[in-house]
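A.B. asks: Input: one structure, supplied below.
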Amino acid sequence: MESVVGVDEAYEPRVRRRGPWRQALARFRRRPLGVAAAVFLLVLIAVGLFAEQLAPYDAGHEFLEFINKPQPIGTPHHWLGTDVIGHDFLTQLLFGLRESVVSSIVCAVGAALIGTVVGALAGYYGGFFDSFVTWISSTIIAVPAVAILLIVVIFSHFPVTPTAFGFWLMLALWPGIARVVRAQFQSLKSREYIEAAHAAGASGPRIILRHLLPNTSGALIVAATALIGQSIIIVATVDFLGLGTVQAEKPTLGSLVADAARGTGTAPATWNLYLIPGLLLMLLLVCVNFVGDTLDDALNPGART
């Protein structure tokens with residue numbers, strides 16, 4: 001008997017390590033392209049968040065001697081040159097990365113919170129609230145998010161910062177998260193363990209928080225990751241159209257490309273002012289897409305055929 005107990009105790013830690021999250025992590029690690037994209041994306045996010053410490057100058061600082069005289073890469077004290085307005089381009093690039101990252105994170109986190117609450121209540125309780133959520137989410141989705149941002153910019157009487165863009169995008173993109181959560185809840189609430197929880201006297205909020213929401217987290221994380229890429233490209237599009245922030249202290253990758261395209265009318269922009277922010281923007285989107293696809297494979301292995 002003692003030997004049997006000893007064998008059970010020896011195998012217990014190994015069994016514990018086979019939880020769903022550890023299995024998902026193991027599946028994620030088996031995809032080197034997704035891992036590389038995740039590492040590179042985390043590096044870009046960290047660089048953006050610490051832009052103030054990494055940048056050689058303050059954002060928007062103008063060097064008067066370089067106005068209308070953009071300097072090339074390798075200029076002393078300006079590793080990536082300067083733009084047509086006399087800004088150190090490395091500094092503007094770091095702060096542009098920060099603003100793009102912050103706006104996308106604000107959008108993804110906010111939309112995930114709103115969409116999770118609304119979708120969970122609609123999917124679990126159903127009835128009139130479910131019908132109302134379905135109607136209002138369909139109405140919001142019918143209006144392009146870019147159009148919503150353009151309306152905000154046109155009718156606002158103050159400069160709209162990238163962080164504010166993230167907030168407005170949050171209000172425009174939460175229906176996608178709500179639909180995912182609602183569909184998952186409607187699929188799971190008829191399972192046997194949910195009926196057992198009802199029979200045991202568990203309340204609705206307890207069932208939602210303890211049973212349904214943890215089993216929806218995989219699809220929720222994948223959907224929230226996709227929102228990061230959406231918000232980055234939408235903000236970049238609005239800024240490229242020249243309708244975003246006009247503050248040199250809060251540039252975005254899209255506004256840097258737009259500034260290079262517009263110039264000052266007297267001096268042509270050098271190639272690096274177009275290429276570098278455009279490539280950085282493309283790398284951000286590619287990494288987000290690879291990470292999203294890998295997370296989908298890892299967290300929802302049965303969803304793919």
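Naming works like this for the structure tokens: A, B, ... for the chains as they're shown, residue 1 at the start of each chain, ligands 1 onward in shown order.
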Would you list the contacts of Leu285 (chain A) as a PyMOL selection string, taking every protein, DNA or RNA residue within 10 Å and counting only C-alpha atoms, but skipping same-chain residues closer than 4 positions in sequence?

C.D. replies: chain A and resi 41+226+228-230+232-233+279-281+289-291

A.B. asks: I'd like the interatomic distance between CA of Ala260 (chain A) and CA of Leu90 (chain A), to a tenth of an Å.

C.D. replies: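 Here the two named atoms are 14.1 Å from each other.
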
A.B. asks: Based on the backbone DSSP call, show me all residues of region 50-212 of chain A assigned strand (DSSP E or B), as an MDAnalysis selection string.

C.D. replies: chainID A and resid 62 75 78 82 87:88

A.B. asks: Using only C-alpha atoms, determine which residues lie at most 8 Å from region 143-157 of chain A, disregarding the query and same-chain residues fewer than 3 positions distant; provide the list as a PDB file with C-alpha atoms, in the first residue's frame.

C.D. replies:
ATOM      1  CA  THR A 139     -25.430  48.932 -35.978  1.00  0.00           C
ATOM      2  CA  ILE A 140     -21.959  49.883 -34.752  1.00  0.00           C
ATOM      3  CA  VAL A 160      -7.096  64.498 -30.775  1.00  0.00           C
ATOM      4  CA  PHE A 165      -7.911  57.701 -30.739  1.00  0.00           C
ATOM      5  CA  TRP A 168     -12.738  56.213 -29.454  1.00  0.00           C
ATOM      6  CA  LEU A 169     -11.681  53.038 -31.244  1.00  0.00           C
ATOM      7  CA  ALA A 172     -16.183  51.424 -32.019  1.00  0.00           C
ATOM      8  CA  LEU A 173     -14.612  47.959 -31.862  1.00  0.00           C
ATOM      9  CA  ILE A 234      -6.790  52.559 -38.405  1.00  0.00           C
ATOM     10  CA  THR A 237      -4.650  55.627 -41.821  1.00  0.00           C
ATOM     11  CA  VAL A 238      -6.297  58.641 -40.179  1.00  0.00           C
ATOM     12  CA  LEU A 243      -6.603  64.372 -39.851  1.00  0.00           C
ATOM     13  CA  GLY A 244      -4.874  63.037 -36.749  1.00  0.00           C
TER      14      GLY A 244
END

A.B. asks: Which parts of region 66-185 of chain A does DSSP call helix (DSSP H, G or I) when run on the backbone here, written out as an NGL selection string?

C.D. replies: :A and (66 or 89-125 or 127-142 or 145-155 or 162-185)

A.B. asks: Could you tell me how far CA of Lys250 (chain A) lies from CA of Gln92 (chain A), in Å and to one decimal?

C.D. replies: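 Between CA of Lys250 (chain A) and CA of Gln92 (chain A) the gap is 8.5 Å.
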
A.B. asks: Might you pull out every residue within 9 Å of Gly119 (chain A), with only C-alpha atoms counted and same-chain residues fewer than 2 positions away left off, and present them as an mmCIF file with C-alpha atoms, in the first residue's frame?

C.D. replies:
data_model
loop_
_atom_site.group_PDB
_atom_site.id
_atom_site.type_symbol
_atom_site.label_atom_id
_atom_site.label_comp_id
_atom_site.auth_asym_id
_atom_site.auth_seq_id
_atom_site.Cartn_x
_atom_site.Cartn_y
_atom_site.Cartn_z
ATOM 1 C CA ILE A 114 -16.617 46.299 -22.542
ATOM 2 C CA GLY A 115 -17.142 43.438 -24.973
ATOM 3 C CA THR A 116 -16.591 40.777 -22.305
ATOM 4 C CA VAL A 117 -19.115 42.270 -19.887
ATOM 5 C CA LEU A 121 -24.522 39.100 -19.932
ATOM 6 C CA ALA A 122 -26.160 38.744 -23.353
ATOM 7 C CA GLY A 123 -24.965 35.184 -23.875
ATOM 8 C CA TYR A 124 -25.899 33.929 -20.420
ATOM 9 C CA ASP A 130 -29.512 39.792 -25.868
ATOM 10 C CA VAL A 133 -26.995 43.887 -27.764
ATOM 11 C CA PRO A 175 -18.963 44.684 -30.609
ATOM 12 C CA ILE A 177 -15.377 41.062 -28.735
ATOM 13 C CA ALA A 178 -18.974 40.983 -27.480
ATOM 14 C CA ARG A 179 -20.029 38.708 -30.346
ATOM 15 C CA VAL A 180 -17.191 36.277 -29.641
ATOM 16 C CA VAL A 181 -17.986 36.100 -25.913
ATOM 17 C CA ARG A 182 -21.740 35.852 -26.513
ATOM 18 C CA ALA A 183 -21.317 32.953 -28.949
ATOM 19 C CA PHE A 185 -21.382 31.566 -23.616
#

A.B. asks: Using only C-alpha atoms, which residue out of A:Leu209, A:Val235, A:Val118, A:Ala223 lies closest to Val102 (chain A)?

C.D. replies: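 Ranking A:Leu209, A:Val235, A:Val118, A:Ala223 by distance to Val102 (chain A), first place goes to A:Val235.
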
A.B. asks: Report, in Å to a single decimal, how far apart CA of Phe28 (chain A) and CA of Gly176 (chain A) are.

C.D. replies: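 So the answer is 24.3 Å.
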
A.B. asks: Mind checking which residues fall within 12 Å of Pro205 (chain A), counting only C-alpha atoms, ignoring those fewer than 5 positions away in the same chain, and posting them as a ChimeraX atom specification?

C.D. replies: /A:117,120-121,124-125,197-198,210-213

A.B. asks: Residues near Val109 (chain A), anyone? I mean within 10 Å using only C-alpha atoms, not counting same-chain ones fewer than 2 positions away, as a list in words.

C.D. replies: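 After dropping sequence-adjacent residues, the list is Ser104, Ile105, Val106, Cys107, Ala111, Ala112, Leu113, Ile114, Gly115, Gly166, Phe167, Met170, Trp174, Ala224, Thr225, Leu227 and Ile228 of chain A.
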
A.B. asks: Could you give me, as a list in words, the residues within 12 Å of Leu25 (chain A), counting only C-alpha atoms and dropping anything in the same chain fewer than 6 positions from it?

C.D. replies: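 Using only C-alpha atoms, the neighbours found are Arg17, Arg18, Gly19, Arg31, Gly34, Val35, Gly218, Thr294, Leu295, Asp296, Asp297, Ala298, Leu299, Asn300 and Pro301 of chain A.
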
A.B. asks: May I have the residues from that selection written out with all heavy atoms, as a short mmCIF file (atom, residue, chain, number, x, y, z; two decimals), in the first residue's frame?

C.D. replies:
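Saved result, result-v3.cif, follows:
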data_model
loop_
_atom_site.label_atom_id
_atom_site.label_comp_id
_atom_site.auth_asym_id
_atom_site.auth_seq_id
_atom_site.Cartn_x
_atom_site.Cartn_y
_atom_site.Cartn_z
N ARG A 17 1.05 19.46 -13.97
CA ARG A 17 1.68 20.27 -15.00
C ARG A 17 0.99 20.14 -16.35
O ARG A 17 1.38 20.76 -17.31
CB ARG A 17 3.16 19.88 -15.13
CG ARG A 17 4.02 20.40 -13.99
CD ARG A 17 5.48 20.31 -14.37
NE ARG A 17 5.94 18.94 -14.49
CZ ARG A 17 6.49 18.25 -13.48
NH1 ARG A 17 6.62 18.80 -12.30
NH2 ARG A 17 6.90 17.02 -13.68
N ARG A 18 -0.03 19.29 -16.43
CA ARG A 18 -0.70 19.09 -17.71
C ARG A 18 -2.00 19.88 -17.79
O ARG A 18 -2.96 19.43 -18.40
CB ARG A 18 -0.99 17.60 -17.91
CG ARG A 18 0.27 16.75 -18.06
CD ARG A 18 -0.07 15.28 -18.12
NE ARG A 18 1.14 14.46 -18.21
CZ ARG A 18 1.15 13.13 -18.13
NH1 ARG A 18 0.01 12.49 -17.94
NH2 ARG A 18 2.28 12.46 -18.21
N GLY A 19 -2.04 21.04 -17.17
CA GLY A 19 -3.22 21.89 -17.25
C GLY A 19 -3.38 22.49 -18.64
O GLY A 19 -2.45 22.46 -19.46
N ARG A 31 5.89 26.45 -32.27
CA ARG A 31 5.76 27.25 -33.49
C ARG A 31 6.80 28.38 -33.46
O ARG A 31 6.54 29.46 -32.93
CB ARG A 31 4.35 27.81 -33.63
CG ARG A 31 3.33 26.71 -33.94
CD ARG A 31 1.94 27.12 -33.60
NE ARG A 31 0.97 26.11 -34.03
CZ ARG A 31 0.71 25.00 -33.35
NH1 ARG A 31 1.36 24.73 -32.22
NH2 ARG A 31 -0.19 24.12 -33.80
N GLY A 34 5.87 31.96 -34.62
CA GLY A 34 5.03 32.69 -33.68
C GLY A 34 5.82 33.17 -32.48
O GLY A 34 5.61 34.28 -31.99
N VAL A 35 6.74 32.33 -31.98
CA VAL A 35 7.58 32.73 -30.84
C VAL A 35 8.46 33.91 -31.21
O VAL A 35 8.59 34.88 -30.45
CB VAL A 35 8.43 31.54 -30.36
CG1 VAL A 35 9.43 31.98 -29.30
CG2 VAL A 35 7.54 30.43 -29.82
N GLY A 218 -9.60 31.73 -24.05
CA GLY A 218 -8.78 31.51 -25.23
C GLY A 218 -9.26 32.32 -26.42
O GLY A 218 -8.48 33.05 -27.05
N THR A 294 -0.82 32.19 -34.07
CA THR A 294 -0.21 31.19 -33.20
C THR A 294 -1.01 31.00 -31.93
O THR A 294 -1.18 29.87 -31.44
CB THR A 294 1.24 31.59 -32.87
OG1 THR A 294 1.94 31.88 -34.07
CG2 THR A 294 1.95 30.47 -32.13
N LEU A 295 -1.52 32.09 -31.35
CA LEU A 295 -2.37 31.97 -30.17
C LEU A 295 -3.64 31.20 -30.49
O LEU A 295 -4.12 30.41 -29.66
CB LEU A 295 -2.72 33.37 -29.64
CG LEU A 295 -1.64 34.10 -28.85
CD1 LEU A 295 -2.10 35.52 -28.53
CD2 LEU A 295 -1.31 33.35 -27.56
N ASP A 296 -4.19 31.43 -31.68
CA ASP A 296 -5.40 30.71 -32.07
C ASP A 296 -5.12 29.21 -32.15
O ASP A 296 -5.93 28.38 -31.70
CB ASP A 296 -5.88 31.24 -33.42
CG ASP A 296 -7.30 30.80 -33.73
OD1 ASP A 296 -8.00 30.34 -32.80
OD2 ASP A 296 -7.73 30.92 -34.88
N ASP A 297 -3.98 28.84 -32.73
CA ASP A 297 -3.62 27.42 -32.80
C ASP A 297 -3.38 26.83 -31.42
O ASP A 297 -3.72 25.67 -31.16
CB ASP A 297 -2.36 27.24 -33.65
CG ASP A 297 -2.63 27.48 -35.13
OD1 ASP A 297 -3.80 27.33 -35.53
OD2 ASP A 297 -1.69 27.83 -35.86
N ALA A 298 -2.75 27.62 -30.53
CA ALA A 298 -2.39 27.10 -29.22
C ALA A 298 -3.57 27.02 -28.26
O ALA A 298 -3.70 26.05 -27.51
CB ALA A 298 -1.29 27.98 -28.60
N LEU A 299 -4.43 28.03 -28.28
CA LEU A 299 -5.54 28.08 -27.33
C LEU A 299 -6.79 27.37 -27.83
O LEU A 299 -7.62 26.94 -27.02
CB LEU A 299 -5.88 29.54 -27.01
CG LEU A 299 -4.77 30.33 -26.32
CD1 LEU A 299 -5.15 31.81 -26.23
CD2 LEU A 299 -4.50 29.79 -24.93
N ASN A 300 -6.94 27.25 -29.15
CA ASN A 300 -8.12 26.58 -29.71
C ASN A 300 -7.66 25.51 -30.70
O ASN A 300 -7.90 25.64 -31.90
CB ASN A 300 -9.04 27.61 -30.42
CG ASN A 300 -9.42 28.75 -29.50
OD1 ASN A 300 -10.00 28.54 -28.45
ND2 ASN A 300 -9.09 29.96 -29.91
N PRO A 301 -6.99 24.46 -30.22
CA PRO A 301 -6.42 23.46 -31.15
C PRO A 301 -7.49 22.71 -31.93
O PRO A 301 -7.24 22.25 -33.04
CB PRO A 301 -5.66 22.51 -30.22
CG PRO A 301 -6.31 22.67 -28.90
CD PRO A 301 -6.74 24.12 -28.82
#

A.B. asks: Of the candidates A:Ile207, A:Ile221, A:Val286, A:Leu171, which one gets nearest to Gly110 (chain A) if we count only C-alpha atoms?

C.D. replies: A:Leu171
